[in-house]
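**Student:** Handing over protein_25.tsv, TSV, C-alpha atoms and all ligand atoms.
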chain	number	residue	atom	x	y	z
U	17	MET	CA	24.90	3.22	1.19
U	18	MET	CA	21.54	4.92	1.33
U	19	PHE	CA	22.81	7.76	3.48
U	20	LEU	CA	25.61	8.39	1.00
U	21	TRP	CA	23.53	9.07	-2.06
U	22	ARG	CA	21.08	11.05	0.01
U	23	TYR	CA	23.95	13.11	1.31
U	24	PHE	CA	25.37	13.77	-2.10
U	25	LEU	CA	22.05	14.44	-3.73
U	26	PHE	CA	20.14	16.48	-1.23
U	27	PRO	CA	22.17	17.78	1.69
U	28	GLY	CA	19.61	19.35	4.01
U	29	LEU	CA	16.63	18.29	1.88
U	30	ASN	CA	16.26	14.66	2.93
U	31	SER	CA	12.62	15.03	3.94
U	32	ARG	CA	11.73	15.71	0.32
U	33	ILE	CA	12.93	12.31	-0.83
U	34	GLU	CA	10.09	9.95	-1.43
U	35	THR	CA	10.12	6.23	-1.02
U	36	GLN	CA	9.80	5.44	-4.71
U	37	LYS	CA	12.87	7.51	-5.50
U	38	GLU	CA	14.80	5.53	-2.94
U	39	GLU	CA	13.48	2.27	-4.37
U	40	ILE	CA	14.41	3.03	-7.95
U	41	VAL	CA	17.92	4.03	-6.96
U	42	PHE	CA	18.22	0.87	-4.91
U	43	PHE	CA	17.06	-1.20	-7.85
U	44	PHE	CA	19.68	0.02	-10.26
U	45	PHE	CA	22.51	1.18	-8.12
U	46	GLU	CA	22.33	-0.93	-4.99
U	47	PRO	CA	20.95	-4.18	-6.45
U	48	ASN	CA	22.17	-6.32	-3.58
U	49	SER	CA	20.25	-4.21	-1.09
U	50	PHE	CA	17.19	-4.29	-3.34
U	51	SER	CA	17.37	-8.08	-3.68
U	52	GLU	CA	17.59	-8.48	0.09
U	53	ARG	CA	14.59	-6.26	0.62
U	54	HIS	CA	12.40	-7.63	-2.16
U	55	GLY	CA	13.62	-11.14	-2.74
U	56	CYS	CA	14.29	-10.65	-6.45
U	57	SER	CA	17.51	-11.01	-8.34
U	58	ASP	CA	19.14	-8.52	-10.64
U	59	SER	CA	22.47	-7.97	-12.31
U	60	PRO	CA	25.17	-6.08	-10.41
U	61	GLY	CA	25.04	-2.34	-10.85
U	62	LEU	CA	27.01	0.77	-10.25
U	63	PRO	CA	26.95	2.37	-6.80
U	64	LEU	CA	25.41	5.76	-7.47
U	65	TRP	CA	27.34	7.33	-4.66
U	66	ARG	CA	30.55	6.65	-6.61
U	67	ALA	CA	29.20	8.62	-9.55
U	68	LEU	CA	28.12	11.42	-7.25
U	69	SER	CA	31.44	11.52	-5.41
U	70	ASP	CA	33.38	11.36	-8.71
U	71	THR	CA	35.15	8.11	-7.85
U	72	LEU	CA	33.92	6.00	-10.75
U	73	PRO	CA	36.71	4.16	-12.57
U	74	ILE	CA	36.57	6.44	-15.61
U	75	THR	CA	39.76	7.18	-17.51
U	76	THR	CA	40.74	10.46	-15.82
U	77	ASN	CA	40.19	8.98	-12.36
U	78	LEU	CA	42.30	5.95	-13.28
U	79	LEU	CA	45.07	8.25	-14.44
U	80	ILE	CA	44.96	10.07	-11.10
U	81	ARG	CA	45.45	6.67	-9.50
U	82	ARG	CA	48.47	6.20	-11.77
U	83	VAL	CA	46.79	3.54	-13.90
U	84	ASP	CA	48.23	3.69	-17.39
U	85	VAL	CA	45.16	4.24	-19.59
U	86	ASP	CA	44.24	6.43	-22.53
U	87	PRO	CA	42.17	9.32	-21.04
U	88	THR	CA	40.08	9.65	-24.20
U	89	CYS	CA	36.36	8.87	-23.89
U	90	PRO	CA	35.91	5.28	-25.12
U	91	LYS	CA	32.55	6.15	-26.66
U	92	CYS	CA	33.09	9.32	-28.67
U	93	ALA	CA	36.91	9.68	-28.61
U	94	ASP	CA	36.37	13.45	-28.73
U	95	CYS	CA	37.68	14.45	-25.32
U	96	HIS	CA	38.90	13.19	-21.97
U	97	GLU	CA	36.37	11.26	-19.97
U	98	ASN	CA	34.95	12.37	-16.62
U	99	VAL	CA	31.78	11.26	-14.82
U	100	PHE	CA	29.58	14.05	-16.15
U	101	HIS	CA	30.84	13.45	-19.67
U	102	ALA	CA	30.51	9.66	-19.44
U	103	LEU	CA	26.92	9.68	-18.22
U	104	VAL	CA	25.50	12.88	-19.68
U	105	LEU	CA	27.59	15.08	-21.96
U	106	CYS	CA	29.14	12.53	-24.31
U	107	THR	CA	27.69	12.61	-27.83
U	108	TYR	CA	26.62	9.03	-27.35
U	109	SER	CA	24.90	9.81	-24.01
U	110	GLN	CA	23.18	12.79	-25.60
U	111	LEU	CA	21.77	10.47	-28.28
U	112	VAL	CA	20.49	8.21	-25.51
U	113	TRP	CA	18.79	11.13	-23.75
U	114	HIS	CA	17.34	12.23	-27.08
U	115	GLU	CA	15.85	8.74	-27.59
U	116	LEU	CA	14.28	8.87	-24.13
U	117	ASN	CA	12.44	12.08	-24.98
U	118	LEU	CA	12.78	13.37	-21.43
U	119	PRO	CA	12.47	17.05	-20.45
U	120	THR	CA	15.59	19.13	-21.03
U	121	VAL	CA	18.02	19.41	-18.15
U	122	PRO	CA	20.27	22.48	-18.01
U	123	ALA	CA	23.90	21.34	-18.09
U	124	GLY	CA	24.96	24.42	-16.09
U	125	GLY	CA	26.84	23.82	-12.88
U	126	GLY	CA	29.16	21.46	-14.66
U	127	SER	CA	28.79	18.50	-12.33
U	128	PHE	CA	26.91	15.27	-12.41
U	129	SER	CA	25.54	15.73	-8.88
U	130	VAL	CA	23.98	19.14	-9.74
U	131	TRP	CA	22.52	17.66	-12.93
U	132	LEU	CA	21.01	14.66	-11.11
U	133	THR	CA	19.70	16.84	-8.28
U	134	PHE	CA	17.82	18.89	-10.86
U	135	ILE	CA	16.20	15.72	-12.21
U	136	PHE	CA	15.16	14.49	-8.78
U	137	MET	CA	13.73	17.85	-7.81
U	138	ASN	CA	11.92	18.73	-11.04
U	139	PHE	CA	11.00	15.60	-12.99
U	140	SER	CA	7.83	13.59	-12.58
U	141	GLU	CA	8.05	10.23	-10.80
U	142	GLY	CA	7.93	8.33	-14.10
U	143	ASP	CA	10.61	10.48	-15.73
U	144	ILE	CA	12.91	10.07	-12.71
U	145	ARG	CA	12.63	6.30	-13.01
U	146	LEU	CA	13.39	6.37	-16.71
U	147	ALA	CA	16.36	8.70	-16.21
U	148	VAL	CA	17.85	6.51	-13.46
U	149	ALA	CA	17.36	3.38	-15.53
U	150	ALA	CA	19.00	5.05	-18.53
U	151	LEU	CA	21.99	6.07	-16.40
U	152	TYR	CA	22.47	2.49	-15.39
U	153	TYR	CA	22.36	1.15	-18.96
U	154	SER	CA	24.51	4.02	-20.24
U	155	TRP	CA	27.17	3.00	-17.75
U	156	ARG	CA	26.92	-0.62	-18.88
U	157	ALA	CA	27.24	0.51	-22.51
U	158	ARG	CA	30.33	2.49	-21.65
U	159	ASN	CA	31.89	-0.59	-19.99
U	160	SER	CA	30.94	-2.67	-22.98
U	161	ALA	CA	32.87	-0.21	-25.19
U	162	VAL	CA	35.92	-0.47	-22.91
U	163	TRP	CA	36.00	-4.23	-22.40
U	164	ASP	CA	34.30	-5.66	-25.47
U	165	GLY	CA	34.87	-2.93	-28.04
U	166	PHE	CA	31.13	-2.86	-28.64
U	167	LEU	CA	28.77	0.09	-28.22
U	168	PRO	CA	25.05	-0.69	-28.44
U	169	LEU	CA	22.73	1.59	-30.38
U	170	PRO	CA	21.23	4.38	-28.21
U	171	ARG	CA	17.82	2.94	-29.04
U	172	ARG	CA	18.85	-0.29	-27.30
U	173	ILE	CA	19.58	1.66	-24.11
U	174	LYS	CA	16.07	3.04	-24.17
U	175	GLN	CA	14.58	-0.41	-24.75
U	176	SER	CA	16.63	-1.98	-21.93
U	177	ALA	CA	15.74	0.84	-19.55
U	178	LYS	CA	12.02	0.52	-20.27
U	179	ALA	CA	12.08	-3.29	-19.94
U	180	ALA	CA	13.90	-3.05	-16.59
U	181	LEU	CA	11.41	-0.46	-15.40
U	182	GLN	CA	8.54	-2.78	-16.21
U	183	ALA	CA	10.20	-5.48	-14.09
U	184	TRP	CA	10.78	-2.99	-11.30
U	185	THR	CA	7.18	-1.79	-11.45
U	186	ALA	CA	5.88	-5.37	-11.25
U	187	VAL	CA	7.98	-6.09	-8.15
U	188	HIS	CA	7.27	-2.75	-6.54
U	189	HIS	CA	3.51	-2.83	-7.08
U	190	THR	CA	3.27	-6.39	-5.76
U	191	GLN	CA	5.13	-5.36	-2.63
U	192	ALA	CA	3.03	-2.22	-2.27
U	193	ALA	CA	-0.23	-4.16	-2.70
U	194	VAL	CA	0.79	-6.69	-0.04
U	195	ALA	CA	1.81	-3.86	2.29
U	196	ASP	CA	-1.48	-2.02	1.67
U	197	HIS	CA	-3.53	-5.13	2.29
U	198	THR	CA	-1.63	-5.97	5.49
U	199	GLY	CA	-1.93	-2.37	6.62
U	200	ALA	CA	-5.69	-2.28	5.97
U	201	GLN	CA	-6.16	-5.58	7.78
U	202	ALA	CA	-4.16	-4.38	10.79
U	203	ASP	CA	-6.13	-1.12	10.75
U	204	SER	CA	-9.42	-3.02	10.70
U	205	GLU	CA	-8.34	-5.29	13.56
U	206	GLN	CA	-7.19	-2.30	15.56
U	207	HIS	CA	-10.56	-0.58	15.06
U	208	GLN	CA	-12.33	-3.76	16.09
U	209	ASN	CA	-10.26	-4.10	19.26
U	210	MET	CA	-10.80	-0.49	20.25
U	211	SER	CA	-14.52	-0.26	19.37
U	212	PRO	CA	-17.49	-1.11	21.60
U	213	LYS	CA	-18.82	-4.62	20.94
U	214	CYS	CA	-22.42	-5.27	20.11
U	215	TYR	CA	-23.86	-8.80	20.20
U	216	PHE	CA	-27.28	-9.20	18.59
U	217	ASP	CA	-29.61	-12.07	17.83
U	218	ALA	CA	-33.14	-12.76	16.59
U	219	GLY	CA	-35.84	-15.06	17.92
U	220	PHE	CA	-38.16	-16.70	15.36
U	221	MET	CA	-41.17	-18.97	15.79
U	222	PRO	CA	-41.82	-20.75	12.47
U	223	ASN	CA	-45.40	-21.72	13.39
U	224	THR	CA	-46.59	-18.23	14.25
U	225	LEU	CA	-43.90	-16.19	12.40
U	226	LYS	CA	-43.51	-14.17	15.60
U	227	SER	CA	-40.04	-12.69	15.83
U	228	SER	CA	-37.99	-10.85	18.40
U	229	PHE	CA	-34.53	-9.38	18.84
U	230	GLY	CA	-31.98	-8.71	21.54
U	231	ALA	CA	-28.84	-6.57	21.43
U	232	VAL	CA	-26.20	-6.07	24.10
U	233	LEU	CA	-23.54	-3.39	23.91
U	234	LEU	CA	-20.27	-3.94	25.78
U	235	SER	CA	-17.22	-1.71	26.13
U	236	PRO	CA	-14.02	-2.78	24.33
U	237	ASP	CA	-12.87	-4.48	27.54
U	238	GLY	CA	-16.20	-6.30	27.99
U	239	ALA	CA	-18.06	-4.13	30.55
U	240	PHE	CA	-21.83	-3.73	30.14
U	241	MET	CA	-22.85	-0.47	28.46
U	242	ALA	CA	-26.44	-0.89	27.25
U	243	ALA	CA	-28.99	-3.38	25.95
U	244	CYS	CA	-32.30	-3.44	24.18
U	245	GLY	CA	-34.80	-6.13	23.27
U	246	GLY	CA	-38.30	-6.38	21.89
U	247	THR	CA	-40.56	-7.94	19.33
U	248	LEU	CA	-40.24	-7.50	15.57
U	249	SER	CA	-43.03	-7.32	13.04
U	250	ASP	CA	-43.76	-10.79	11.67
U	251	CYS	CA	-40.93	-12.28	9.62
U	252	PHE	CA	-41.21	-14.95	6.93
U	253	SER	CA	-37.91	-16.68	7.56
U	254	PRO	CA	-35.16	-16.95	10.20
U	255	LEU	CA	-32.88	-14.97	7.85
U	256	MET	CA	-35.41	-12.19	7.59
U	257	ALA	CA	-35.69	-12.10	11.41
U	258	GLU	CA	-31.89	-11.93	11.74
U	259	ALA	CA	-31.69	-9.15	9.15
U	260	GLU	CA	-34.48	-7.19	10.88
U	261	ALA	CA	-32.72	-7.67	14.23
U	262	CYS	CA	-29.53	-6.34	12.65
U	263	ARG	CA	-31.33	-3.35	11.15
U	264	ILE	CA	-32.97	-2.38	14.42
U	265	THR	CA	-29.73	-2.89	16.33
U	266	LEU	CA	-27.81	-0.66	13.90
U	267	THR	CA	-30.53	2.01	14.16
U	268	TRP	CA	-30.29	1.81	17.97
U	269	LEU	CA	-26.46	2.11	17.87
U	270	ARG	CA	-26.66	5.00	15.42
U	271	GLY	CA	-29.07	6.74	17.78
U	272	LYS	CA	-26.55	6.37	20.59
U	273	GLY	CA	-24.07	8.42	18.54
U	274	LEU	CA	-21.51	5.62	18.14
U	275	ASP	CA	-19.11	6.12	15.27
U	276	SER	CA	-17.33	2.78	15.44
U	277	VAL	CA	-18.68	-0.56	16.60
U	278	ALA	CA	-17.82	-4.23	16.27
U	279	LEU	CA	-20.96	-6.32	15.58
U	280	PHE	CA	-21.23	-10.01	16.40
U	281	SER	CA	-23.84	-12.39	15.01
U	282	ASP	CA	-24.31	-16.16	15.12
U	283	CYS	CA	-26.09	-16.15	11.73
U	284	SER	CA	-23.46	-17.11	9.17
U	285	GLN	CA	-25.87	-16.50	6.27
U	286	LEU	CA	-26.49	-12.91	7.35
U	287	CYS	CA	-22.75	-12.27	7.90
U	288	SER	CA	-22.08	-13.64	4.44
U	289	TYR	CA	-24.74	-11.50	2.74
U	290	LEU	CA	-23.57	-8.38	4.58
U	291	SER	CA	-20.08	-8.85	3.17
U	292	GLN	CA	-21.26	-9.35	-0.42
U	293	GLU	CA	-22.18	-6.84	-3.07
U	294	CYS	CA	-25.05	-8.88	-4.53
U	295	SER	CA	-28.66	-8.03	-3.81
U	296	ILE	CA	-31.28	-10.54	-2.71
U	297	ARG	CA	-34.81	-10.22	-4.08
U	298	SER	CA	-36.81	-11.19	-0.99
U	299	HIS	CA	-38.19	-9.69	2.20
U	300	ALA	CA	-34.91	-10.56	3.90
U	301	GLY	CA	-33.11	-8.83	1.03
U	302	PHE	CA	-34.80	-5.50	1.77
U	303	ALA	CA	-33.74	-5.70	5.41
U	304	ILE	CA	-30.17	-6.66	4.43
U	305	HIS	CA	-30.05	-3.75	2.00
U	306	ALA	CA	-31.14	-1.41	4.82
U	307	CYS	CA	-28.45	-2.91	7.09
U	308	LYS	CA	-25.78	-2.20	4.48
U	309	ALA	CA	-26.94	1.39	4.13
U	310	LEU	CA	-26.87	1.84	7.92
U	311	ARG	CA	-23.43	0.25	8.23
U	312	ALA	CA	-22.09	2.71	5.68
U	313	THR	CA	-22.96	5.57	8.03
U	314	PHE	CA	-20.41	4.31	10.60
U	315	HIS	CA	-16.74	5.10	10.41
U	316	SER	CA	-16.09	1.46	11.25
U	317	CYS	CA	-18.67	-1.30	11.59
U	318	VAL	CA	-17.19	-4.78	11.23
U	319	VAL	CA	-19.59	-7.72	11.42
U	320	THR	CA	-18.09	-10.93	12.73
U	321	PHE	CA	-19.63	-14.39	12.82
U	322	ILE	CA	-19.48	-16.17	16.18
U	323	PRO	CA	-20.85	-19.55	17.35
U	324	ARG	CA	-24.21	-19.48	19.10
U	325	SER	CA	-22.53	-20.51	22.38
U	326	ASP	CA	-20.64	-17.20	22.30
U	327	ASN	CA	-23.81	-15.23	21.69
U	328	ALA	CA	-25.66	-16.24	24.87
U	329	LEU	CA	-26.30	-12.64	26.02
U	330	ALA	CA	-28.13	-11.55	22.87
U	331	HIS	CA	-29.84	-14.93	22.42
U	332	THR	CA	-31.23	-14.89	25.97
U	333	LEU	CA	-32.41	-11.31	25.57
U	334	ALA	CA	-34.14	-12.08	22.26
U	335	THR	CA	-35.83	-15.17	23.69
U	336	SER	CA	-37.15	-13.32	26.74
U	337	ALA	CA	-38.38	-10.45	24.52
U	338	PHE	CA	-41.20	-12.61	23.05
U	339	SER	CA	-43.24	-11.91	26.18
U	340	GLN	CA	-42.73	-8.14	26.02
U	341	THR	CA	-45.34	-5.79	24.67
U	342	SER	CA	-42.80	-3.09	23.78
U	343	THR	CA	-39.06	-2.68	23.27
U	344	VAL	CA	-37.13	-2.38	26.51
U	345	TYR	CA	-33.99	-0.25	26.65
U	346	SER	CA	-31.48	-0.70	29.45
U	347	ASP	CA	-28.64	1.73	30.02
U	348	SER	CA	-25.92	1.13	32.59
U	349	VAL	CA	-28.01	-1.46	34.53
U	350	PRO	CA	-28.28	-4.80	32.70
U	351	PRO	CA	-31.71	-6.46	32.32
U	352	ASN	CA	-32.37	-9.22	34.86
U	353	SER	CA	-32.52	-11.90	32.15
U	354	ILE	CA	-28.82	-11.50	31.32
U	355	SER	CA	-27.31	-10.14	34.53
U	356	ALA	CA	-26.25	-13.63	35.58
U	357	LEU	CA	-24.41	-14.10	32.26
U	358	LEU	CA	-22.32	-10.96	32.64
U	359	HIS	CA	-19.08	-11.17	34.54
M	401	ZN	ZN	32.37	10.75	-25.03
Kindly transcribe the structure held in the file into structure tokens.
**Tutor:**
Amino acid sequence: MMFLWRYFLFPGLNSRIETQKEEIVFFFFEPNSFSERHGCSDSPGLPLWRALSDTLPITTNLLIRRVDVDPTCPKCADCHENVFHALVLCTYSQLVWHELNLPTVPAGGGSFSVWLTFIFMNFSEGDIRLAVAALYYSWRARNSAVWDGFLPLPRRIKQSAKAALQAWTAVHHTQAAVADHTGAQADSEQHQNMSPKCYFDAGFMPNTLKSSFGAVLLSPDGAFMAACGGTLSDCFSPLMAEAEACRITLTWLRGKGLDSVALFSDCSQLCSYLSQECSIRSHAGFAIHACKALRATFHSCVVTFIPRSDNALAHTLATSAFSQTSTVYSDSVPPNSISALLH
């Protein structure tokens, strides 16, 4: 039915309809469709397209179909009932709209579809929701007058509309949050798959505190791009060596002009600290803080923990770097120490 209400509301202006407007109409006027899409239950409603196409079972329409009914409006008994009167113009409906305190809608044009189009085109998102909810409960009130001889106070319509909107908002926001999270996750995975991969590792000798690092950059499909390895200034812990290795690797990658990169480390502690907001008051903490600042300069820089067996390239490079007197950079041709490990 979606195409129907779109057609009646905005012929030629479909691109201006936003998702939330569709959702709110679904919620109240196509509840079965809404339940299928969102897995929540709701009472049966009134197909909006029937109101817009003037085929609601109001008294004048029933008379046209040769049903023997009194054409008088069951709510105000002042005049014959039609769709525009039933939902908008009736004294009772006017009291409902007054309770809602919504912006004034010109009643010119004389049809419900023109009136509703004005609301959808000019009201804020929140006011559109409230208006649609009020239409739904106004229609229920009208049916209650016909079948039960009972007309609720206009204030009750406002209360019911607001309560239903709260329920709708809870469902809608939950769905939106899940969709956002899934979207962000997919986006992150896509970046990771399309970015160059950088494996890095640190070497640390606890007796002498001598430390080293190795970093290997591969293309997204695993081809060698560049590598560097060298010694670090003395570190006081393996974590500090890993953090320093990370900092120097990020500086090297930044210098190569990379905007997105996927980092891999076999130090779970470092990966954990890099993903946390908390600060660590230690030498390692300073290096980790510098790593975070450097990471923030990339468009995408995801750090992933991998087992040491998967980090053989960087580990070998870091180990062999202990014997170097300066940092060695290799572009396009891999260093001898790791050439056998590349395939
Ligand atoms: Zn009336």
**Student:** Counting only C-alpha atoms and all ligand atoms, which protein, DNA or RNA residues come within 7 Å of ligand ZN 401 (chain M), given as a ChimeraX atom specification?
**Tutor:** /U:89-95,97,101-102,106-108
**Student:** Which polymer residues have any atom within 10 Å of an atom of range 246-263 of chain U, counting all atoms listed in the file, with same-chain residues fewer than 3 positions away left out, as a ChimeraX atom specification?
**Tutor:** /U:215-222,224-231,266-269,279-287,289-290,298-311,333-345
**Student:** How many Å separate CA of Ala243 in chain U from CA of Ser211 in chain U?
**Tutor:**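 Separation between CA of Ala243 in chain U and CA of Ser211 in chain U: 16.2 Å.
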**Student:** How many Å separate CA of Val130 in chain U from CA of Thr75 in chain U?
**Tutor:**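 Atom-to-atom, CA of Val130 in chain U and CA of Thr75 in chain U are spaced 21.3 Å apart.
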**Student:** In Å, how far is it from CA of Gly142 in chain U to CA of Asn98 in chain U?
**Tutor:**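 Separation of CA of Gly142 in chain U and CA of Asn98 in chain U: 27.4 Å.
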**Student:** For a quick check of understanding, using only C-alpha atoms, which of U:Ile144, U:Ala180, U:Val277, U:Leu329 has the smallest distance to Asn209 in chain U?
**Tutor:**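 Smallest separation from Asn209 in chain U among the options: U:Val277.
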**Student:** From the list U:Phe139, U:Ala179, U:Val112, U:Asn117, which residue is nearest Ser154 in chain U when using all atoms listed in the file?
**Tutor:** U:Val112
